[in-house]
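*Asks:* Input data_31.txt, format and content: compact mmCIF, C-alpha atoms.
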# COMPACT_ATOMS: atom_id res chain seq x y z
CA MET A 1 -19.14 7.01 -22.67
CA PRO A 2 -15.71 5.31 -22.55
CA LYS A 3 -12.83 7.26 -21.08
CA GLN A 4 -10.34 8.90 -23.45
CA PRO A 5 -6.79 9.31 -22.22
CA ILE A 6 -5.07 12.67 -22.32
CA ILE A 7 -3.39 13.03 -25.70
CA LEU A 8 0.34 13.42 -25.33
CA SER A 9 1.04 13.27 -29.06
CA GLY A 10 -1.55 10.82 -30.25
CA SER A 11 -3.76 8.73 -27.96
CA TYR A 12 -2.11 5.67 -26.45
CA ALA A 13 -5.22 3.67 -27.23
CA ASP A 14 -5.11 4.82 -30.87
CA ARG A 15 -1.44 3.92 -31.10
CA MET A 16 -2.11 0.40 -29.89
CA ALA A 17 -5.07 0.07 -32.26
CA ARG A 18 -2.88 1.05 -35.24
CA GLY A 19 -0.49 -1.78 -34.49
CA PRO A 20 3.09 -2.02 -33.25
CA ASN A 21 4.86 -1.20 -36.51
CA GLN A 22 3.24 2.18 -37.11
CA LYS A 23 5.39 4.40 -34.95
CA ASP A 24 4.45 7.92 -33.97
CA THR A 25 7.75 9.76 -34.29
CA LYS A 26 6.25 13.01 -32.99
CA ALA A 27 5.96 11.47 -29.51
CA ALA A 28 9.64 10.66 -29.52
CA ASN A 29 10.50 14.26 -30.40
CA ASP A 30 7.97 15.87 -28.04
CA THR A 31 9.96 17.15 -25.08
CA THR A 32 7.19 19.11 -23.43
CA ALA A 33 6.45 16.30 -21.00
CA THR A 34 10.01 16.08 -19.74
CA GLU A 35 11.17 19.68 -19.49
CA ARG A 36 10.81 19.64 -15.71
CA SER A 37 10.87 16.61 -13.49
CA PRO A 38 8.55 16.25 -10.47
CA ALA A 39 11.59 16.58 -8.21
CA ASP A 40 12.36 20.00 -9.75
CA LEU A 41 8.90 21.18 -8.75
CA SER A 42 9.11 20.16 -5.12
CA HIS A 43 8.85 22.93 -2.55
CA PRO A 44 9.14 21.40 0.92
CA SER A 45 11.60 18.54 0.29
CA HIS A 46 9.33 15.91 1.83
CA LEU A 47 6.31 16.87 -0.32
CA LYS A 48 5.53 16.45 -3.99
CA PRO A 49 4.31 19.80 -5.41
CA TRP A 50 0.73 18.56 -5.77
CA GLU A 51 0.75 17.60 -2.07
CA ASP A 52 1.82 21.07 -0.93
CA ARG A 53 -1.34 22.76 0.36
CA SER A 54 0.40 26.15 0.45
CA LEU A 55 0.47 26.29 -3.38
CA PRO A 56 -2.44 27.55 -5.51
CA PRO A 57 -4.78 24.75 -6.65
CA GLU A 58 -4.02 25.38 -10.35
CA GLU A 59 -0.28 25.05 -9.75
CA ARG A 60 -0.81 21.81 -7.84
CA LEU A 61 -3.00 20.35 -10.58
CA ASN A 62 -0.59 21.38 -13.34
CA ALA A 63 2.32 19.81 -11.49
CA TYR A 64 0.44 16.53 -11.16
CA LYS A 65 -0.64 16.63 -14.82
CA GLN A 66 3.02 17.06 -15.75
CA PHE A 67 3.91 14.00 -13.67
CA VAL A 68 1.14 11.90 -15.25
CA LEU A 69 2.15 13.00 -18.75
CA GLU A 70 5.67 11.81 -18.02
CA LYS A 71 4.32 8.43 -16.95
CA VAL A 72 2.28 8.15 -20.17
CA ALA A 73 5.36 9.20 -22.15
CA GLU A 74 7.34 6.40 -20.52
CA ILE A 75 4.66 3.92 -21.58
CA LEU A 76 4.74 5.19 -25.16
CA ALA A 77 8.53 4.99 -25.21
CA ALA A 78 8.44 1.44 -23.90
CA ALA A 79 5.98 0.48 -26.65
CA ASP A 80 8.25 2.08 -29.26
CA ARG A 81 11.25 0.09 -28.06
CA VAL A 82 9.48 -3.23 -28.63
CA SER A 83 7.35 -2.17 -31.58
CA ASP A 84 8.62 -5.07 -33.71
CA ASP A 85 7.31 -7.62 -31.22
CA PRO A 86 3.49 -7.59 -31.06
CA SER A 87 3.41 -9.87 -28.03
CA LYS A 88 5.51 -7.43 -26.01
CA VAL A 89 3.39 -4.49 -27.15
CA LEU A 90 0.33 -6.41 -25.98
CA GLU A 91 2.05 -7.09 -22.66
CA ILE A 92 2.66 -3.37 -22.17
CA ARG A 93 -0.91 -2.51 -23.14
CA ASP A 94 -2.32 -5.00 -20.60
CA ASP A 95 0.06 -4.06 -17.80
CA PRO A 96 -1.72 -2.68 -14.67
CA GLU A 97 0.58 0.35 -14.70
CA THR A 98 -0.56 1.21 -18.22
CA THR A 99 -4.18 1.05 -17.10
CA ARG A 100 -3.40 3.09 -14.03
CA TRP A 101 -1.71 6.01 -15.75
CA THR A 102 -3.85 6.20 -18.89
CA SER A 103 -6.95 6.09 -16.69
CA GLU A 104 -5.47 8.75 -14.42
CA ALA A 105 -4.73 10.93 -17.44
CA SER A 106 -8.34 10.54 -18.56
CA ASP A 107 -9.69 11.43 -15.11
CA LEU A 108 -7.70 14.68 -15.10
CA ARG A 109 -9.17 15.99 -18.35
CA ASN A 110 -12.22 17.65 -16.83
CA LEU A 111 -11.16 17.86 -13.19
CA SER A 112 -11.15 21.37 -11.72
CA PRO A 113 -8.18 22.46 -9.59
CA GLN A 114 -10.44 22.66 -6.54
CA ASP A 115 -11.84 19.15 -7.03
CA PHE A 116 -8.33 17.84 -7.64
CA CYS A 117 -7.15 19.26 -4.32
CA LYS A 118 -10.10 17.70 -2.54
CA ARG A 119 -9.29 14.36 -4.11
CA ILE A 120 -5.59 14.51 -3.27
CA ASP A 121 -5.86 15.93 0.22
CA ARG A 122 -8.83 14.03 1.60
CA PRO A 123 -8.16 16.17 4.70
CA GLU A 124 -11.01 14.63 6.65
CA VAL A 125 -9.32 11.21 6.31
CA ARG A 126 -5.81 12.33 7.23
CA GLU A 127 -6.97 14.52 10.09
CA LEU A 128 -9.41 11.97 11.51
CA LEU A 129 -6.77 9.24 11.54
CA GLY A 130 -4.01 11.45 12.91
CA MET A 131 -1.37 9.12 14.38
CA ASN A 132 -2.95 6.22 12.52
CA PHE A 133 -2.12 7.54 9.05
CA LEU A 134 1.10 6.31 7.41
CA GLY A 135 1.62 7.71 3.91
CA SER A 136 4.63 8.58 1.78
CA GLU A 137 5.78 11.16 4.34
CA ALA A 138 6.16 8.40 6.94
CA TRP A 139 8.39 6.46 4.54
CA SER A 140 10.37 9.58 3.67
CA SER A 141 11.00 10.22 7.36
CA GLN A 142 12.87 6.89 7.42
CA GLY A 143 14.99 7.74 4.38
CA VAL A 144 12.89 5.76 1.90
CA GLU A 145 11.33 7.12 -1.29
CA VAL A 146 8.23 5.30 -2.49
CA GLY A 147 7.09 7.43 -5.43
CA ALA A 148 3.71 9.05 -5.88
CA GLU A 149 0.89 8.10 -3.56
CA PRO A 150 -2.14 6.55 -5.22
CA ARG A 151 -5.38 8.35 -4.41
CA ILE A 152 -7.02 7.45 -1.11
CA PRO A 153 -9.99 5.20 -1.98
CA MET A 154 -13.33 7.00 -1.88
CA THR A 155 -14.70 4.11 0.20
CA ILE A 156 -12.66 5.43 3.13
CA THR A 157 -15.11 8.02 4.40
CA LYS A 158 -15.59 10.04 7.54
CA GLU A 159 -18.66 7.92 8.29
CA LEU A 160 -16.62 4.71 8.06
CA LEU A 161 -13.81 6.00 10.25
CA GLU A 162 -16.22 7.34 12.84
CA SER A 163 -18.20 4.08 12.98
CA GLU A 164 -17.81 1.49 15.73
CA CYS A 165 -14.99 -1.00 15.29
CA PRO A 166 -16.36 -4.53 14.77
CA PHE A 167 -13.38 -6.03 16.62
CA HIS A 168 -13.16 -3.71 19.62
CA PRO A 169 -16.63 -2.75 20.90
CA GLY A 170 -16.94 0.81 22.17
CA GLU A 171 -14.05 2.07 20.03
CA LYS A 172 -14.06 3.68 16.59
CA ILE A 173 -12.34 2.42 13.47
CA LYS A 174 -10.22 5.58 13.29
CA ASP A 175 -8.68 4.62 16.66
CA THR A 176 -8.24 0.87 16.14
CA HIS A 177 -7.09 0.80 12.49
CA VAL A 178 -4.15 2.21 10.55
CA LEU A 179 -4.40 3.50 6.99
CA MET A 180 -0.97 2.81 5.53
CA LEU A 181 0.68 3.01 2.15
CA VAL A 182 2.17 -0.30 1.01
CA PRO A 183 4.45 0.79 -1.86
CA GLU A 184 5.30 -0.98 -5.08
CA THR A 185 8.92 0.14 -4.84
CA VAL A 186 11.26 1.44 -2.15
CA ASN A 187 14.15 3.61 -3.32
CA GLY A 188 13.48 2.39 -6.85
CA GLU A 189 13.56 -1.34 -6.02
CA ALA A 190 10.72 -3.84 -5.78
CA TYR A 191 9.11 -3.94 -2.34
CA THR A 192 9.12 -7.39 -0.76
CA ALA A 193 9.30 -8.84 2.74
CA PHE A 194 12.95 -9.59 2.05
CA LYS A 195 13.54 -5.95 1.07
CA LEU A 196 11.80 -4.80 4.26
CA ASP A 197 14.21 -7.01 6.19
CA GLU A 198 17.14 -5.24 4.47
CA LEU A 199 15.69 -1.86 5.38
CA SER A 200 15.13 -2.88 8.99
CA ALA A 201 18.79 -3.79 9.32
CA ARG A 202 19.61 -0.15 8.51
CA TRP A 203 16.98 1.18 10.88
CA GLU A 204 18.02 -0.89 13.89
CA GLN A 205 19.70 0.81 16.83
CA PRO A 206 21.68 -0.79 19.68
CA GLU A 207 19.30 -2.75 21.92
CA ASP A 208 16.50 -2.11 19.45
CA ARG A 209 16.08 -5.16 17.25
CA LEU A 210 13.36 -4.89 14.63
CA LEU A 211 13.23 -8.32 12.98
CA ASP A 212 14.04 -11.67 14.56
CA ASP A 213 16.39 -13.61 12.27
CA ASP A 214 16.32 -16.86 14.24
CA TRP A 215 13.99 -18.46 11.69
CA LEU A 216 16.34 -17.78 8.79
CA SER A 217 14.53 -19.99 6.28
CA TRP A 218 11.75 -17.43 5.84
CA LYS A 219 14.01 -15.21 3.75
CA SER A 220 14.12 -17.72 0.90
CA ALA A 221 10.40 -18.50 0.97
CA VAL A 222 8.30 -17.63 -2.06
CA TRP A 223 6.07 -15.25 -0.09
CA ALA A 224 9.10 -13.32 1.21
CA THR A 225 10.49 -12.62 -2.25
CA ALA A 226 7.17 -11.99 -4.02
CA PRO A 227 7.04 -8.28 -5.02
CA GLN A 228 4.21 -5.92 -4.22
CA THR A 229 2.48 -5.48 -7.58
CA ALA A 230 1.23 -1.90 -7.10
CA SER A 231 1.29 0.87 -4.51
CA GLU A 232 -1.91 0.69 -2.51
CA TRP A 233 -3.61 1.91 0.63
CA VAL A 234 -4.41 -0.72 3.25
CA LEU A 235 -6.78 -0.11 6.16
CA ILE A 236 -5.66 -2.65 8.71
CA PRO A 237 -6.57 -3.27 12.38
CA LYS A 238 -3.81 -2.88 14.93
CA SER A 239 -4.96 -6.11 16.57
CA ASP A 240 -7.46 -8.91 16.07
CA PRO A 241 -10.45 -9.17 18.49
CA GLU A 242 -9.42 -9.64 22.12
CA PRO A 243 -10.95 -12.87 23.51
CA ASN A 244 -12.01 -11.21 26.76
CA ALA A 245 -13.76 -8.33 24.96
CA VAL A 246 -16.03 -10.07 22.44
CA ALA A 247 -18.29 -13.12 22.39
CA PRO A 248 -16.45 -16.45 22.04
CA GLU A 249 -17.75 -16.97 18.51
CA ARG A 250 -16.37 -13.59 17.37
CA HIS A 251 -12.66 -13.94 18.19
CA PHE A 252 -10.02 -15.97 16.36
CA ARG A 253 -7.69 -17.19 19.07
CA ASP A 254 -8.03 -20.69 20.57
CA LYS A 255 -9.27 -21.82 17.15
CA ASN A 256 -7.71 -23.80 14.32
CA ARG A 257 -7.70 -22.55 10.73
CA VAL A 258 -11.03 -24.12 9.82
CA GLU A 259 -12.70 -22.64 12.90
CA GLN A 260 -11.14 -19.28 12.13
CA ASP A 261 -12.69 -19.46 8.65
CA GLU A 262 -16.11 -19.69 10.31
CA VAL A 263 -15.41 -16.67 12.51
CA HIS A 264 -14.21 -14.76 9.46
CA LYS A 265 -17.68 -15.09 7.92
CA LEU A 266 -18.95 -12.75 10.64
CA TYR A 267 -16.69 -10.02 9.24
CA PRO A 268 -17.51 -9.98 5.49
CA GLU A 269 -16.11 -6.46 5.02
CA TYR A 270 -12.61 -7.79 5.73
CA ARG A 271 -10.20 -9.90 3.71
CA GLU A 272 -7.19 -11.84 4.95
CA ALA A 273 -4.07 -9.69 5.16
CA LYS A 274 -0.70 -10.61 3.70
CA ALA A 275 2.41 -11.13 5.81
CA LEU A 276 4.08 -8.16 4.10
CA GLU A 277 1.16 -5.95 5.16
CA VAL A 278 1.41 -7.06 8.79
CA MET A 279 5.19 -6.60 8.75
CA THR A 280 4.79 -3.13 7.25
CA LEU A 281 2.20 -2.22 9.88
CA ALA A 282 4.33 -3.35 12.81
CA LEU A 283 7.67 -1.90 11.69
CA MET A 284 6.51 1.40 10.19
CA TYR A 285 4.16 2.12 13.08
CA TYR A 286 6.95 1.56 15.56
CA LEU A 287 9.51 3.60 13.63
CA VAL A 288 7.17 6.57 13.22
CA LYS A 289 5.02 6.36 16.36
CA LYS A 290 7.42 4.55 18.75
CA GLU A 291 4.79 2.01 19.78
CA LYS A 292 5.12 -1.75 19.29
CA LEU A 293 1.96 -3.44 18.08
CA LEU A 294 1.33 -7.22 18.41
CA PRO A 295 3.55 -7.57 21.50
CA ASP A 296 2.06 -10.81 22.82
CA HIS A 297 0.37 -12.69 19.97
CA TYR A 298 0.76 -13.74 16.34
CA LEU A 299 -1.51 -13.03 13.39
CA ARG A 300 -2.08 -15.88 10.94
CA CYS A 301 -1.65 -14.35 7.47
CA GLU A 302 -2.93 -15.20 4.00
CA ASP A 303 0.46 -16.45 2.78
CA THR A 304 1.57 -20.07 3.02
CA ASP A 305 5.07 -21.17 3.98
CA ASP A 306 7.17 -23.94 2.45
CA ALA A 307 5.44 -26.56 4.61
CA CYS A 308 2.00 -25.37 3.36
CA GLY A 309 1.18 -23.82 6.73
CA ARG A 310 0.17 -20.19 7.12
CA VAL A 311 2.80 -17.55 7.83
CA CYS A 312 2.28 -16.11 11.31
CA VAL A 313 3.73 -12.71 12.26
CA GLY A 314 3.79 -11.10 15.69
CA PHE A 315 5.30 -11.07 19.18
CA PHE A 316 7.00 -7.76 18.48
CA ALA A 317 9.03 -7.42 21.67
CA HIS A 318 12.69 -7.23 22.72
CA PHE A 319 13.89 -9.75 20.12
CA GLY A 320 12.12 -8.02 17.27
CA LEU A 321 9.14 -8.94 15.12
CA GLN A 322 8.94 -12.72 14.88
CA PHE A 323 7.61 -15.42 12.57
CA ASN A 324 6.00 -18.67 13.60
CA GLN A 325 5.80 -22.01 11.77
CA ASP A 326 2.04 -22.55 11.73
CA ASP A 327 0.75 -26.09 12.19
CA GLY A 328 -2.88 -25.09 11.65
CA PHE A 329 -4.03 -26.12 15.10
CA ASP A 330 -5.63 -23.93 17.74
CA ASN A 331 -3.73 -22.02 20.39
CA ASP A 332 -4.37 -18.96 22.49
CA ILE A 333 -1.65 -16.79 20.94
CA THR A 334 -2.58 -16.92 17.24
CA GLY A 335 -5.30 -14.73 15.77
CA ARG A 336 -6.00 -13.87 12.17
CA ALA A 337 -4.59 -11.03 10.06
CA LEU A 338 -7.35 -9.00 8.41
CA ALA A 339 -7.57 -5.86 6.30
CA ARG A 340 -10.62 -3.86 5.28
CA LYS A 341 -11.87 -4.45 1.73
CA LEU A 342 -11.60 -1.12 -0.12
When written as structure tokens, how does the structure in this file appear?
*Replies:*
Amino acid sequence: MPKQPIILSGSYADRMARGPNQKDTKAANDTTATERSPADLSHPSHLKPWEDRSLPPEERLNAYKQFVLEKVAEILAAADRVSDDPSKVLEIRDDPETTRWTSEASDLRNLSPQDFCKRIDRPEVRELLGMNFLGSEAWSSQGVEVGAEPRIPMTITKELLESECPFHPGEKIKDTHVLMLVPETVNGEAYTAFKLDELSARWEQPEDRLLDDDWLSWKSAVWATAPQTASEWVLIPKSDPEPNAVAPERHFRDKNRVEQDEVHKLYPEYREAKALEVMTLALMYYLVKKEKLLPDHYLRCEDTDDACGRVCVGFFAHFGLQFNQDDGFDNDITGRALARKL
């Protein structure tokens, strides 16, 4: 049976089916969804009310429903504003954010408070990862607001986290990977590599450089200004396979891009990671955990630079996180950036 969204004052799907010129004025006058903002409901300042485990489950669920209703109301209002332009109404209807929030509203219809808390908390995931979990609280600790966390994918299970890491034999995924939130916006602005560079300038302390600006051209590159399209969880290794710890055919260093493609086939559960994801991993992990990852090698990312080479990120040492102009050839300091498919 197809999902039905929560009715705010008329189903969003029904409104779109009726056409852009048949406005539902009741929605515009319905103030029940905006009487209290999510910020008003916050208890500990760093938590949203639905994240606060000290609150009763029903209160947590109701607070989140209120937040979702406000998101749906925003979508309806946006459709009203462009109701005379069918193409723009269609654009709103097909927007990923519309799908996200109408689907979320539908999911909440029959969800019990207890099941909602289990879904939101995923305590086994957060507790198993410990230091290797970077969610909205980690961003807040650095003075950055990133909005509501999306749900942790159900594919991230205790069994997965407790399983052996394919890159580092004898270690578990929970110890060699980081589950991090890559946000769509930071402090209300689109999240990009260029925006992360702006943030790092604020975070830097004397003798503690975070990003190396010697290769200044990267800031104008397409990949550096491309916005993150949605907030998402990324399960990403802290390092690629160490050459001295795995068989020669299973590591990426000392290999050109074509040879790395062949090695990648041995890890079908992983996709190539974006430069923004690697940058987020390195900088946020250091800021929160005070440990510099990738100190002596680069990771070749999915993105291409202006010369059609791959963007390489790494060597996070005294001069800050660096970028390398990739020529595609093999060397012993360039691995491959990967992230788990979720």
*Asks:* Report, in Å to a single decimal, how far apart CA of Asn244 (chain A) and CA of Gly170 (chain A) are.
*Replies:* 13.8 Å
*Asks:* Find the nearest atom pair between each residue of region 133-161 of chain A and region 175-185 of chain A for residues within 7 Å, count all atoms listed in the file, give distances in Å to one decimal, sort rows by chain and ascending number, and present the table as CSV.
*Replies:*
residue,atom,partner,partner_atom,distance
A:Phe133,CA,A:Leu179,CA,5.1
A:Leu134,CA,A:Met180,CA,4.5
A:Gly135,CA,A:Leu181,CA,5.1
A:Ser136,CA,A:Leu181,CA,6.8
A:Val146,CA,A:Thr185,CA,5.7
*Asks:* Using only C-alpha atoms, which of A:Ser103, A:Ser54, A:Ser200, A:Asn187 sits nearest Met284 (chain A)?
*Replies:*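 Of A:Ser103, A:Ser54, A:Ser200, A:Asn187, the one nearest Met284 (chain A), counting only C-alpha atoms, is A:Ser200.
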*Asks:* As JSON, what would the box around region 148-165 of chain A look like: edges along x, y and z, 8 Å added on every side, centre and edge lengths in Å to one decimal?
*Replies:*
{"center_x": -7.5, "center_y": 4.5, "center_z": 4.9, "size_x": 38.4, "size_y": 27.0, "size_z": 37.6}
*Asks:* With only C-alpha atoms as the counted atoms, please give the residues lying no more than 10 Å from Glu249 (chain A), apart from itself and same-chain residues fewer than 5 positions off, as a ChimeraX atom specification.
*Replies:* /A:243,255,259-260,262-264,266
*Asks:* Please report the interatomic distance between CA of Ile75 (chain A) and CA of Gly188 (chain A) in Å with one decimal.
*Replies:*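 CA of Ile75 (chain A) sits 17.2 Å away from CA of Gly188 (chain A).
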*Asks:* Pick out the closest residue to Ala230 (chain A) from this set: A:Glu58, A:Glu97, A:Glu198, A:Asp84. Count all atoms listed in the file.
*Replies:*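 Ranking A:Glu58, A:Glu97, A:Glu198, A:Asp84 by distance to Ala230 (chain A), first place goes to A:Glu97.
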*Asks:* Output requested as a PDB file, in the frame of the given file - region 57-75 of chain A, filled out with N, CA, C and O atoms.
*Replies:*
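So out-v6.pdb came out as:
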ATOM      1  N   PRO A  57      -4.240  25.999  -6.085  1.00  0.00           N
ATOM      2  CA  PRO A  57      -4.780  24.750  -6.650  1.00  0.00           C
ATOM      3  C   PRO A  57      -4.380  24.503  -8.104  1.00  0.00           C
ATOM      4  O   PRO A  57      -4.064  23.372  -8.479  1.00  0.00           O
ATOM      5  N   GLU A  58      -4.373  25.565  -8.944  1.00  0.00           N
ATOM      6  CA  GLU A  58      -4.020  25.380 -10.350  1.00  0.00           C
ATOM      7  C   GLU A  58      -2.580  24.901 -10.502  1.00  0.00           C
ATOM      8  O   GLU A  58      -2.289  24.043 -11.337  1.00  0.00           O
ATOM      9  N   GLU A  59      -1.688  25.465  -9.683  1.00  0.00           N
ATOM     10  CA  GLU A  59      -0.280  25.050  -9.750  1.00  0.00           C
ATOM     11  C   GLU A  59      -0.125  23.593  -9.321  1.00  0.00           C
ATOM     12  O   GLU A  59       0.651  22.833  -9.906  1.00  0.00           O
ATOM     13  N   ARG A  60      -0.874  23.199  -8.307  1.00  0.00           N
ATOM     14  CA  ARG A  60      -0.810  21.810  -7.840  1.00  0.00           C
ATOM     15  C   ARG A  60      -1.313  20.860  -8.915  1.00  0.00           C
ATOM     16  O   ARG A  60      -0.702  19.818  -9.185  1.00  0.00           O
ATOM     17  N   LEU A  61      -2.443  21.204  -9.529  1.00  0.00           N
ATOM     18  CA  LEU A  61      -3.000  20.350 -10.580  1.00  0.00           C
ATOM     19  C   LEU A  61      -2.068  20.262 -11.772  1.00  0.00           C
ATOM     20  O   LEU A  61      -1.830  19.173 -12.318  1.00  0.00           O
ATOM     21  N   ASN A  62      -1.499  21.390 -12.193  1.00  0.00           N
ATOM     22  CA  ASN A  62      -0.590  21.380 -13.340  1.00  0.00           C
ATOM     23  C   ASN A  62       0.653  20.543 -13.064  1.00  0.00           C
ATOM     24  O   ASN A  62       1.154  19.844 -13.949  1.00  0.00           O
ATOM     25  N   ALA A  63       1.148  20.611 -11.839  1.00  0.00           N
ATOM     26  CA  ALA A  63       2.320  19.810 -11.490  1.00  0.00           C
ATOM     27  C   ALA A  63       1.994  18.318 -11.581  1.00  0.00           C
ATOM     28  O   ALA A  63       2.800  17.516 -12.072  1.00  0.00           O
ATOM     29  N   TYR A  64       0.818  17.952 -11.110  1.00  0.00           N
ATOM     30  CA  TYR A  64       0.440  16.530 -11.160  1.00  0.00           C
ATOM     31  C   TYR A  64       0.177  16.087 -12.604  1.00  0.00           C
ATOM     32  O   TYR A  64       0.549  14.976 -13.000  1.00  0.00           O
ATOM     33  N   LYS A  65      -0.447  16.965 -13.416  1.00  0.00           N
ATOM     34  CA  LYS A  65      -0.640  16.630 -14.820  1.00  0.00           C
ATOM     35  C   LYS A  65       0.698  16.378 -15.503  1.00  0.00           C
ATOM     36  O   LYS A  65       0.841  15.456 -16.310  1.00  0.00           O
ATOM     37  N   GLN A  66       1.681  17.216 -15.182  1.00  0.00           N
ATOM     38  CA  GLN A  66       3.020  17.060 -15.750  1.00  0.00           C
ATOM     39  C   GLN A  66       3.580  15.680 -15.387  1.00  0.00           C
ATOM     40  O   GLN A  66       4.139  14.976 -16.232  1.00  0.00           O
ATOM     41  N   PHE A  67       3.409  15.296 -14.137  1.00  0.00           N
ATOM     42  CA  PHE A  67       3.910  14.000 -13.670  1.00  0.00           C
ATOM     43  C   PHE A  67       3.219  12.860 -14.410  1.00  0.00           C
ATOM     44  O   PHE A  67       3.863  11.907 -14.859  1.00  0.00           O
ATOM     45  N   VAL A  68       1.894  12.958 -14.559  1.00  0.00           N
ATOM     46  CA  VAL A  68       1.140  11.900 -15.250  1.00  0.00           C
ATOM     47  C   VAL A  68       1.535  11.823 -16.716  1.00  0.00           C
ATOM     48  O   VAL A  68       1.684  10.738 -17.285  1.00  0.00           O
ATOM     49  N   LEU A  69       1.715  12.988 -17.353  1.00  0.00           N
ATOM     50  CA  LEU A  69       2.150  13.000 -18.750  1.00  0.00           C
ATOM     51  C   LEU A  69       3.489  12.299 -18.916  1.00  0.00           C
ATOM     52  O   LEU A  69       3.719  11.595 -19.907  1.00  0.00           O
ATOM     53  N   GLU A  70       4.381  12.491 -17.959  1.00  0.00           N
ATOM     54  CA  GLU A  70       5.670  11.810 -18.020  1.00  0.00           C
ATOM     55  C   GLU A  70       5.509  10.304 -17.923  1.00  0.00           C
ATOM     56  O   GLU A  70       6.202   9.539 -18.606  1.00  0.00           O
ATOM     57  N   LYS A  71       4.580   9.863 -17.069  1.00  0.00           N
ATOM     58  CA  LYS A  71       4.320   8.430 -16.950  1.00  0.00           C
ATOM     59  C   LYS A  71       3.770   7.866 -18.262  1.00  0.00           C
ATOM     60  O   LYS A  71       4.160   6.788 -18.713  1.00  0.00           O
ATOM     61  N   VAL A  72       2.834   8.593 -18.887  1.00  0.00           N
ATOM     62  CA  VAL A  72       2.280   8.150 -20.170  1.00  0.00           C
ATOM     63  C   VAL A  72       3.380   8.141 -21.235  1.00  0.00           C
ATOM     64  O   VAL A  72       3.448   7.228 -22.068  1.00  0.00           O
ATOM     65  N   ALA A  73       4.248   9.148 -21.194  1.00  0.00           N
ATOM     66  CA  ALA A  73       5.360   9.200 -22.150  1.00  0.00           C
ATOM     67  C   ALA A  73       6.278   7.993 -21.989  1.00  0.00           C
ATOM     68  O   ALA A  73       6.770   7.431 -22.981  1.00  0.00           O
ATOM     69  N   GLU A  74       6.514   7.584 -20.764  1.00  0.00           N
ATOM     70  CA  GLU A  74       7.340   6.400 -20.520  1.00  0.00           C
ATOM     71  C   GLU A  74       6.694   5.152 -21.122  1.00  0.00           C
ATOM     72  O   GLU A  74       7.381   4.292 -21.673  1.00  0.00           O
ATOM     73  N   ILE A  75       5.379   5.062 -21.011  1.00  0.00           N
ATOM     74  CA  ILE A  75       4.660   3.920 -21.580  1.00  0.00           C
ATOM     75  C   ILE A  75       4.794   3.914 -23.104  1.00  0.00           C
ATOM     76  O   ILE A  75       5.072   2.884 -23.731  1.00  0.00           O
TER      77      ILE A  75
END
